[in-house]
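Source file: run_0.pdb (PDB, C-alpha atoms)
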ATOM      1  CA  MET J 273       0.000   0.000   0.000
ATOM      2  CA  GLU J 274       1.044   3.611  -0.411
ATOM      3  CA  GLY J 275       0.077   7.120   0.606
ATOM      4  CA  VAL J 276       1.597   9.978  -1.456
ATOM      5  CA  GLY J 277       4.321   7.584  -2.570
ATOM      6  CA  ASN J 278       5.240   6.483   0.944
ATOM      7  CA  ASP J 279       5.004   2.710   0.424
ATOM      8  CA  PHE J 280       4.467  -0.070   2.918
ATOM      9  CA  VAL J 281       4.165  -3.803   3.230
ATOM     10  CA  LEU J 282       1.028  -4.440   5.298
ATOM     11  CA  ILE J 283       0.437  -7.753   7.054
ATOM     12  CA  GLU J 284      -1.984  -9.037   9.646
ATOM     13  CA  ALA J 285      -0.414  -9.735  13.036
ATOM     14  CA  ALA J 286      -1.739 -13.306  13.080
ATOM     15  CA  ASP J 287       0.315 -14.150   9.978
ATOM     16  CA  ALA J 288       3.522 -13.192  11.798
ATOM     17  CA  HIS J 289       2.664 -14.811  15.114
ATOM     18  CA  GLY J 290       5.768 -15.568  17.170
ATOM     19  CA  ARG J 291       8.133 -13.816  14.768
ATOM     20  CA  ASP J 292      10.483 -10.938  15.554
ATOM     21  CA  LEU J 293       8.753  -8.037  13.797
ATOM     22  CA  SER J 294      11.868  -5.906  13.784
ATOM     23  CA  GLU J 295      13.810  -8.609  11.957
ATOM     24  CA  LEU J 296      10.871  -9.249   9.653
ATOM     25  CA  ALA J 297      10.736  -5.567   8.684
ATOM     26  CA  GLN J 298      14.392  -5.659   7.717
ATOM     27  CA  ARG J 299      13.787  -8.721   5.525
ATOM     28  CA  LEU J 300      10.607  -7.556   3.830
ATOM     29  CA  CYS J 301      11.569  -3.917   3.260
ATOM     30  CA  ARG J 302      14.924  -4.535   1.521
ATOM     31  CA  ARG J 303      14.237  -3.429  -2.023
ATOM     32  CA  PRO J 304      16.782  -5.607  -3.864
ATOM     33  CA  PHE J 305      16.214  -8.734  -1.759
ATOM     34  CA  GLY J 306      12.786  -8.530  -0.114
ATOM     35  CA  ILE J 307       9.471  -7.050  -1.249
ATOM     36  CA  GLY J 308      10.775  -3.511  -0.843
ATOM     37  CA  ALA J 309       9.092  -0.726   1.133
ATOM     38  CA  ASP J 310       9.542   2.351   3.307
ATOM     39  CA  GLY J 311       8.197   0.375   6.240
ATOM     40  CA  LEU J 312       6.261  -2.606   7.575
ATOM     41  CA  LEU J 313       2.700  -2.120   8.869
ATOM     42  CA  VAL J 314       1.236  -4.748  11.183
ATOM     43  CA  ILE J 315      -2.508  -4.632  11.818
ATOM     44  CA  GLU J 316      -4.594  -6.381  14.455
ATOM     45  CA  ARG J 317      -7.650  -5.781  16.586
ATOM     46  CA  GLY J 318      -6.852  -3.460  19.469
ATOM     47  CA  ALA J 319      -7.720  -3.463  23.137
ATOM     48  CA  ALA J 320      -8.312   0.293  23.416
ATOM     49  CA  ALA J 321      -9.581   0.765  19.843
ATOM     50  CA  PRO J 322     -11.108  -1.408  17.094
ATOM     51  CA  VAL J 323      -7.785  -1.437  15.250
ATOM     52  CA  ARG J 324      -4.176  -1.488  16.412
ATOM     53  CA  MET J 325      -1.260  -0.553  14.150
ATOM     54  CA  ARG J 326       2.451  -1.142  14.580
ATOM     55  CA  MET J 327       4.953   0.317  12.112
ATOM     56  CA  PHE J 328       8.600  -0.654  11.647
ATOM     57  CA  ASN J 329      11.192   1.219   9.594
ATOM     58  CA  PRO J 330      13.413  -0.729   7.148
ATOM     59  CA  ASP J 331      16.178  -0.710   9.768
ATOM     60  CA  GLY J 332      13.864  -2.500  12.218
ATOM     61  CA  THR J 333      13.100   0.434  14.536
ATOM     62  CA  GLU J 334       9.488   0.834  15.598
ATOM     63  CA  ASP J 335       7.948   4.224  14.829
ATOM     64  CA  PHE J 336       4.811   6.332  14.423
ATOM     65  CA  CYS J 337       3.653   6.972  10.845
ATOM     66  CA  GLY J 338       1.053   9.392   9.486
ATOM     67  CA  ASN J 339       0.810   7.895   5.992
ATOM     68  CA  GLY J 340       0.824   4.388   7.435
ATOM     69  CA  LEU J 341      -2.223   5.274   9.525
ATOM     70  CA  ARG J 342      -4.238   6.054   6.395
ATOM     71  CA  CYS J 343      -3.162   2.792   4.768
ATOM     72  CA  VAL J 344      -4.200   0.823   7.836
ATOM     73  CA  ALA J 345      -7.453   2.792   8.051
ATOM     74  CA  ARG J 346      -8.401   1.874   4.484
ATOM     75  CA  TYR J 347      -7.449  -1.773   4.935
ATOM     76  CA  ALA J 348      -9.387  -1.994   8.203
ATOM     77  CA  TYR J 349     -12.478  -0.425   6.655
ATOM     78  CA  GLU J 350     -12.429  -2.592   3.544
ATOM     79  CA  GLN J 351     -11.591  -5.846   5.368
ATOM     80  CA  GLY J 352     -14.316  -5.534   7.998
ATOM     81  CA  TYR J 353     -12.319  -4.655  11.078
ATOM     82  CA  VAL J 354     -14.848  -1.832  11.531
ATOM     83  CA  ASP J 355     -18.432  -1.307  10.370
ATOM     84  CA  ALA J 356     -18.477   2.509  10.393
ATOM     85  CA  SER J 357     -16.638   5.224   8.484
ATOM     86  CA  GLU J 358     -15.454   6.873  11.717
ATOM     87  CA  PHE J 359     -13.347   4.932  14.208
ATOM     88  CA  THR J 360     -10.036   5.037  16.082
ATOM     89  CA  ILE J 361      -6.683   3.346  15.594
ATOM     90  CA  GLU J 362      -4.350   2.518  18.455
ATOM     91  CA  ALA J 363      -0.794   3.446  17.463
ATOM     92  CA  LEU J 364       2.665   3.660  19.038
ATOM     93  CA  GLY J 365       2.608   4.567  22.717
ATOM     94  CA  ARG J 366      -1.098   3.630  22.925
ATOM     95  CA  ARG J 367      -2.038   6.832  21.099
ATOM     96  CA  LEU J 368      -5.655   6.743  19.952
ATOM     97  CA  VAL J 369      -5.931   8.335  16.504
ATOM     98  CA  PRO J 370      -9.406   9.340  15.240
ATOM     99  CA  VAL J 371     -10.109   8.330  11.633
ATOM    100  CA  GLN J 372     -12.740   9.475   9.143
ATOM    101  CA  ILE J 373     -13.213   7.660   5.816
ATOM    102  CA  HIS J 374     -14.508   9.886   2.993
ATOM    103  CA  LEU J 375     -16.487   7.960   0.366
ATOM    104  CA  SER J 376     -17.257   8.704  -3.261
ATOM    105  CA  ASP J 377     -19.697   6.351  -5.044
ATOM    106  CA  ASP J 378     -19.335   3.989  -2.057
ATOM    107  CA  LYS J 379     -15.568   3.763  -2.554
ATOM    108  CA  VAL J 380     -12.821   5.160  -0.324
ATOM    109  CA  ALA J 381     -11.647   8.474  -1.783
ATOM    110  CA  GLN J 382      -9.843  10.283   1.027
ATOM    111  CA  ILE J 383      -9.007   9.573   4.653
ATOM    112  CA  THR J 384      -8.604  12.033   7.513
ATOM    113  CA  THR J 385      -6.633  11.130  10.608
ATOM    114  CA  VAL J 386      -6.190  13.450  13.576
ATOM    115  CA  LEU J 387      -2.645  13.214  14.870
ATOM    116  CA  PRO J 388      -2.034  14.098  18.526
ATOM    117  CA  PRO J 389      -1.301  17.730  19.465
ATOM    118  CA  PRO J 390       2.278  18.669  18.553
ATOM    119  CA  ARG J 391       4.944  18.813  21.242
ATOM    120  CA  PHE J 392       7.471  21.626  21.105
ATOM    121  CA  HIS J 393       9.554  21.429  24.278
ATOM    122  CA  PRO J 394      13.028  19.972  23.587
ATOM    123  CA  ARG J 395      12.483  17.370  26.288
ATOM    124  CA  GLU J 396       9.421  16.037  24.444
ATOM    125  CA  ILE J 397      10.871  16.149  20.913
ATOM    126  CA  PRO J 398      13.395  14.824  22.207
ATOM    127  CA  ALA J 399      16.399  17.058  21.566
ATOM    128  CA  TYR J 400      19.268  18.417  23.597
ATOM    129  CA  ALA J 401      18.748  22.177  23.480
ATOM    130  CA  ASP J 402      18.258  24.994  25.973
ATOM    131  CA  GLY J 403      15.016  26.932  26.183
ATOM    132  CA  GLU J 404      11.373  26.082  25.650
ATOM    133  CA  LEU J 405      11.365  25.859  21.841
ATOM    134  CA  ILE J 406      13.607  24.975  18.924
ATOM    135  CA  GLU J 407      12.569  27.471  16.272
ATOM    136  CA  ASP J 408      14.928  29.441  14.002
ATOM    137  CA  TYR J 409      17.696  27.611  15.873
ATOM    138  CA  PRO J 410      21.253  27.759  14.478
ATOM    139  CA  ILE J 411      23.187  24.546  13.919
ATOM    140  CA  THR J 412      26.293  23.763  11.862
ATOM    141  CA  ILE J 413      26.349  20.566   9.799
ATOM    142  CA  ALA J 414      29.264  19.610   7.525
ATOM    143  CA  GLY J 415      30.438  23.211   7.511
ATOM    144  CA  HIS J 416      26.979  24.591   6.662
ATOM    145  CA  THR J 417      25.160  26.805   9.179
ATOM    146  CA  LEU J 418      21.426  26.108   9.128
ATOM    147  CA  ARG J 419      18.400  27.549  10.916
ATOM    148  CA  ILE J 420      16.156  24.701  12.027
ATOM    149  CA  ALA J 421      12.808  24.220  13.742
ATOM    150  CA  CYS J 422      11.821  21.037  15.572
ATOM    151  CA  VAL J 423       8.572  19.435  16.709
ATOM    152  CA  ASN J 424       7.208  16.045  17.656
ATOM    153  CA  THR J 425       4.064  15.188  15.674
ATOM    154  CA  GLY J 426       4.044  11.591  16.839
ATOM    155  CA  THR J 427       7.740  11.249  16.013
ATOM    156  CA  THR J 428      10.722  13.623  15.861
ATOM    157  CA  HIS J 429      10.933  16.084  12.959
ATOM    158  CA  THR J 430      13.358  18.849  12.007
ATOM    159  CA  VAL J 431      12.317  21.392   9.373
ATOM    160  CA  ILE J 432      14.617  23.654   7.368
ATOM    161  CA  PHE J 433      12.768  26.539   5.700
ATOM    162  CA  SER J 434      14.538  27.997   2.672
ATOM    163  CA  ASP J 435      13.876  29.774  -0.631
ATOM    164  CA  THR J 436      14.577  26.691  -2.745
ATOM    165  CA  LEU J 437      14.670  22.963  -2.184
ATOM    166  CA  PRO J 438      18.207  21.543  -1.951
ATOM    167  CA  ASP J 439      19.958  19.883  -4.864
ATOM    168  CA  ASP J 440      21.120  16.289  -4.470
ATOM    169  CA  THR J 441      24.603  17.230  -3.279
ATOM    170  CA  ARG J 442      23.396  19.457  -0.457
ATOM    171  CA  PHE J 443      20.485  17.176   0.440
ATOM    172  CA  LEU J 444      22.590  14.020   0.656
ATOM    173  CA  GLU J 445      25.489  15.706   2.436
ATOM    174  CA  ILE J 446      23.469  17.346   5.204
ATOM    175  CA  SER J 447      20.317  15.279   5.760
ATOM    176  CA  PRO J 448      21.852  12.021   7.080
ATOM    177  CA  ARG J 449      24.250  13.964   9.302
ATOM    178  CA  LEU J 450      21.384  15.961  10.771
ATOM    179  CA  GLU J 451      19.349  12.775  11.282
ATOM    180  CA  THR J 452      22.092  11.300  13.460
ATOM    181  CA  HIS J 453      23.352  14.521  15.089
ATOM    182  CA  PRO J 454      24.072  14.135  18.830
ATOM    183  CA  MET J 455      21.421  16.799  19.474
ATOM    184  CA  PHE J 456      18.780  14.135  18.721
ATOM    185  CA  PRO J 457      19.061  11.080  21.012
ATOM    186  CA  GLU J 458      16.405   9.187  19.004
ATOM    187  CA  ARG J 459      17.504  10.631  15.641
ATOM    188  CA  THR J 460      15.246  12.923  13.598
ATOM    189  CA  SER J 461      13.537  13.040  10.233
ATOM    190  CA  VAL J 462      14.612  16.040   8.150
ATOM    191  CA  LEU J 463      12.261  18.083   5.979
ATOM    192  CA  TRP J 464      13.459  20.818   3.647
ATOM    193  CA  ALA J 465      10.545  23.185   3.031
ATOM    194  CA  VAL J 466       9.746  26.030   0.661
ATOM    195  CA  ILE J 467       6.732  28.257   1.309
ATOM    196  CA  VAL J 468       4.866  28.757  -1.969
ATOM    197  CA  SER J 469       1.970  30.799  -0.556
ATOM    198  CA  ARG J 470      -0.069  31.261   2.607
ATOM    199  CA  ARG J 471      -1.791  27.965   1.770
ATOM    200  CA  GLU J 472       0.907  25.848   0.169
ATOM    201  CA  ALA J 473       4.373  24.454   0.943
ATOM    202  CA  ARG J 474       6.687  22.098  -0.962
ATOM    203  CA  VAL J 475       9.030  19.662   0.769
ATOM    204  CA  ARG J 476      11.875  17.227   0.210
ATOM    205  CA  ILE J 477      12.063  14.497   2.825
ATOM    206  CA  TRP J 478      14.772  12.533   4.572
ATOM    207  CA  GLU J 479      13.050  10.086   6.907
ATOM    208  CA  ARG J 480      14.880   8.662   9.874
ATOM    209  CA  GLY J 481      15.632   4.990   9.536
ATOM    210  CA  VAL J 482      14.697   5.082   5.840
ATOM    211  CA  GLY J 483      16.485   7.795   3.844
ATOM    212  CA  GLU J 484      14.786   9.863   1.153
ATOM    213  CA  THR J 485      11.076   9.144   0.783
ATOM    214  CA  LEU J 486       8.424  10.467  -1.584
ATOM    215  CA  GLY J 487       6.084  11.364   1.269
ATOM    216  CA  CYS J 488       5.804  11.589   5.053
ATOM    217  CA  GLY J 489       2.486  12.239   6.783
ATOM    218  CA  SER J 490       3.732  13.211  10.221
ATOM    219  CA  GLY J 491       6.457  15.227   8.457
ATOM    220  CA  ALA J 492       3.863  17.142   6.432
ATOM    221  CA  ALA J 493       2.073  17.823   9.719
ATOM    222  CA  ALA J 494       5.322  19.133  11.203
ATOM    223  CA  VAL J 495       5.861  21.495   8.262
ATOM    224  CA  GLY J 496       2.285  22.783   8.474
ATOM    225  CA  VAL J 497       2.467  23.414  12.214
ATOM    226  CA  LEU J 498       5.880  25.074  12.201
ATOM    227  CA  ALA J 499       5.092  27.192   9.134
ATOM    228  CA  TYR J 500       1.955  28.495  10.837
ATOM    229  CA  ARG J 501       3.801  29.240  14.068
ATOM    230  CA  ALA J 502       6.446  31.130  12.102
ATOM    231  CA  GLY J 503       3.733  33.243  10.451
ATOM    232  CA  TYR J 504       4.345  31.869   6.964
ATOM    233  CA  THR J 505       0.989  30.163   6.363
ATOM    234  CA  GLU J 506      -2.609  29.795   7.481
ATOM    235  CA  PRO J 507      -3.475  26.977   9.919
ATOM    236  CA  ARG J 508      -4.733  24.955   6.936
ATOM    237  CA  VAL J 509      -2.140  24.313   4.250
ATOM    238  CA  THR J 510      -1.377  21.942   1.387
ATOM    239  CA  VAL J 511       2.010  20.256   1.761
ATOM    240  CA  ALA J 512       3.306  18.831  -1.523
ATOM    241  CA  SER J 513       6.132  16.305  -1.786
ATOM    242  CA  LYS J 514       7.496  14.225  -4.678
ATOM    243  CA  GLY J 515       4.761  11.639  -4.102
ATOM    244  CA  GLY J 516       1.758  13.950  -3.911
ATOM    245  CA  ALA J 517      -0.051  16.431  -1.679
ATOM    246  CA  LEU J 518      -1.590  16.236   1.787
ATOM    247  CA  GLN J 519      -3.970  18.658   3.473
ATOM    248  CA  VAL J 520      -2.757  19.692   6.916
ATOM    249  CA  GLU J 521      -4.967  21.552   9.385
ATOM    250  CA  TYR J 522      -3.621  22.676  12.761
ATOM    251  CA  ARG J 523      -6.555  22.429  15.189
ATOM    252  CA  ASP J 524      -7.143  22.654  18.925
ATOM    253  CA  ASP J 525      -7.556  18.869  19.194
ATOM    254  CA  GLY J 526      -4.466  18.006  17.124
ATOM    255  CA  ILE J 527      -3.394  17.992  13.490
ATOM    256  CA  ALA J 528      -5.905  16.820  10.879
ATOM    257  CA  LEU J 529      -4.148  15.117   7.988
ATOM    258  CA  THR J 530      -6.166  14.321   4.859
ATOM    259  CA  GLY J 531      -5.050  12.373   1.820
ATOM    260  CA  ALA J 532      -5.426   9.158  -0.130
ATOM    261  CA  ALA J 533      -4.171   5.631   0.528
ATOM    262  CA  ASN J 534      -4.053   2.925  -2.114
ATOM    263  CA  THR J 535      -3.493  -0.814  -2.401
ATOM    264  CA  ARG J 536      -1.000  -1.414  -5.218
ATOM    265  CA  PHE J 537      -0.724  -5.200  -5.131
ATOM    266  CA  VAL J 538      -1.498  -8.238  -3.002
ATOM    267  CA  GLY J 539       0.799 -11.220  -2.815
ATOM    268  CA  GLU J 540       2.350 -13.979  -0.754
ATOM    269  CA  TYR J 541       5.836 -13.991   0.798
ATOM    270  CA  ARG J 542       7.162 -17.361   1.885
ATOM    271  CA  LEU J 543       9.048 -17.244   5.162
TER     272      LEU J 543
END
In structure tokens, write the structure found in this file.
Amino acid sequence: MEGVGNDFVLIEAADAHGRDLSELAQRLCRRPFGIGADGLLVIERGAAAPVRMRMFNPDGTEDFCGNGLRCVARYAYEQGYVDASEFTIEALGRRLVPVQIHLSDDKVAQITTVLPPPRFHPREIPAYADGELIEDYPITIAGHTLRIACVNTGTTHTVIFSDTLPDDTRFLEISPRLETHPMFPERTSVLWAVIVSRREARVRIWERGVGETLGCGSGAAAVGVLAYRAGYTEPRVTVASKGGALQVEYRDDGIALTGAANTRFVGEYRL
């Protein structure tokens, strides 16, 4: 399945019973030798919600995933885990994520998930920095001085606002070093962002534990929130990446993220 080009292998938990999911993610997500994906989604019925989702990066680390939530939401709706178009998904850290399925001609067209309210204090990002916020914060990476902003929208994100998106040389030189900088004890995803208008931003994404990806839901949420706080955009903004566009709305109850999710193929992998 995929959402704005962010692709996943999705399996039911019962099919992997007794297996190490971290190791399984590394096997399945290796593009030359496995199925190939940006992550492994594992779905099952939850205790605190009708559906429970676990997501593992290709390096085996467990994480929170905005685009993965929409993929799981569509699968759960179409496979009968739920019998209504509004429900909740239990995600990493027992977060309960509200979901709304938008139908067109009785088919799933768009999906809205409401991510938890963003966390800005360095202790909650987490990041080693003084003060209450990390916004317009100077940091030097590979000889380049950058101004960064950080937020946790379910997972750690660092946003670099600039006039243009980076070329490959700059992107590949700085992004992995920033991901693993000692400032971030759990690493960070890196999003380079350009503000197009008060209602639109464009991004290039380096996702922690993955590398460059075509889309990142929680990353789009981070860009929308930080752009609004900086005064660049309205609270509702379209965030476009290489894989497509997501609608981000910063609300009192969290961050509403709306976009599509699609099943690209179904198959069998012999363990």
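The space between CA of Val344 in chain J and CA of Gly365 in chain J spans 16.8 Å.
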If you count only C-alpha atoms, which residues fall within 9 Å of Tyr409 in chain J, apart from same-chain ones fewer than 5 positions away, as a PyMOL selection string? chain J and resi 418-422
Residues within 12 Å of Ile432 in chain J, all atoms listed in the file, excluding chain neighbours under 4 positions, as a PyMOL selection string: chain J and resi 406-411+417-423+436-438+443+446-447+450+461-467+474-478+491+494-495+498-499
Please report as CSV every residue of range 407-478 of chain J lying within 8 Å of range 378-390 of chain J, along with the nearest atom pair and their distance in Å (one decimal), using only C-alpha atoms.
residue,atom,partner,partner_atom,distance
J:Val423,CA,J:Pro390,CA,6.6
J:Asn424,CA,J:Pro390,CA,5.7
J:Thr425,CA,J:Pro390,CA,4.9
J:Gly426,CA,J:Pro388,CA,6.8
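The residues returned by the PyMOL selection byres ((chain J and resi 327) around 6) for this structure are Leu312, Leu313, Arg326, Phe328, Glu334 and Asp335 of chain J.
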Which protein, DNA or RNA residues are at most 9 Å from (7.8, 14.8, -2.5) in the file's coordinates when you count all atoms listed in the file, listed as a PDB file with C-alpha atoms, in the coordinates of the input?
ATOM      1  CA  VAL J 276       1.597   9.978  -1.456  1.00  0.00           C
ATOM      2  CA  GLY J 277       4.321   7.584  -2.570  1.00  0.00           C
ATOM      3  CA  ARG J 474       6.687  22.098  -0.962  1.00  0.00           C
ATOM      4  CA  VAL J 475       9.030  19.662   0.769  1.00  0.00           C
ATOM      5  CA  ARG J 476      11.875  17.227   0.210  1.00  0.00           C
ATOM      6  CA  ILE J 477      12.063  14.497   2.825  1.00  0.00           C
ATOM      7  CA  THR J 485      11.076   9.144   0.783  1.00  0.00           C
ATOM      8  CA  LEU J 486       8.424  10.467  -1.584  1.00  0.00           C
ATOM      9  CA  GLY J 487       6.084  11.364   1.269  1.00  0.00           C
ATOM     10  CA  CYS J 488       5.804  11.589   5.053  1.00  0.00           C
ATOM     11  CA  ALA J 512       3.306  18.831  -1.523  1.00  0.00           C
ATOM     12  CA  SER J 513       6.132  16.305  -1.786  1.00  0.00           C
ATOM     13  CA  LYS J 514       7.496  14.225  -4.678  1.00  0.00           C
ATOM     14  CA  GLY J 515       4.761  11.639  -4.102  1.00  0.00           C
ATOM     15  CA  GLY J 516       1.758  13.950  -3.911  1.00  0.00           C
ATOM     16  CA  ALA J 517      -0.051  16.431  -1.679  1.00  0.00           C
TER      17      ALA J 517
END
Could you name the residues that touch range 283-300 of chain J at 10 Å or less, counting only C-alpha atoms, but leaving out those on the same chain fewer than 4 positions away, as number ranges by chain? J: 305-317, 324-334, 344, 541, 543
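The spacing separating CA of Val482 in chain J from CA of Gly338 in chain J amounts to 14.8 Å.
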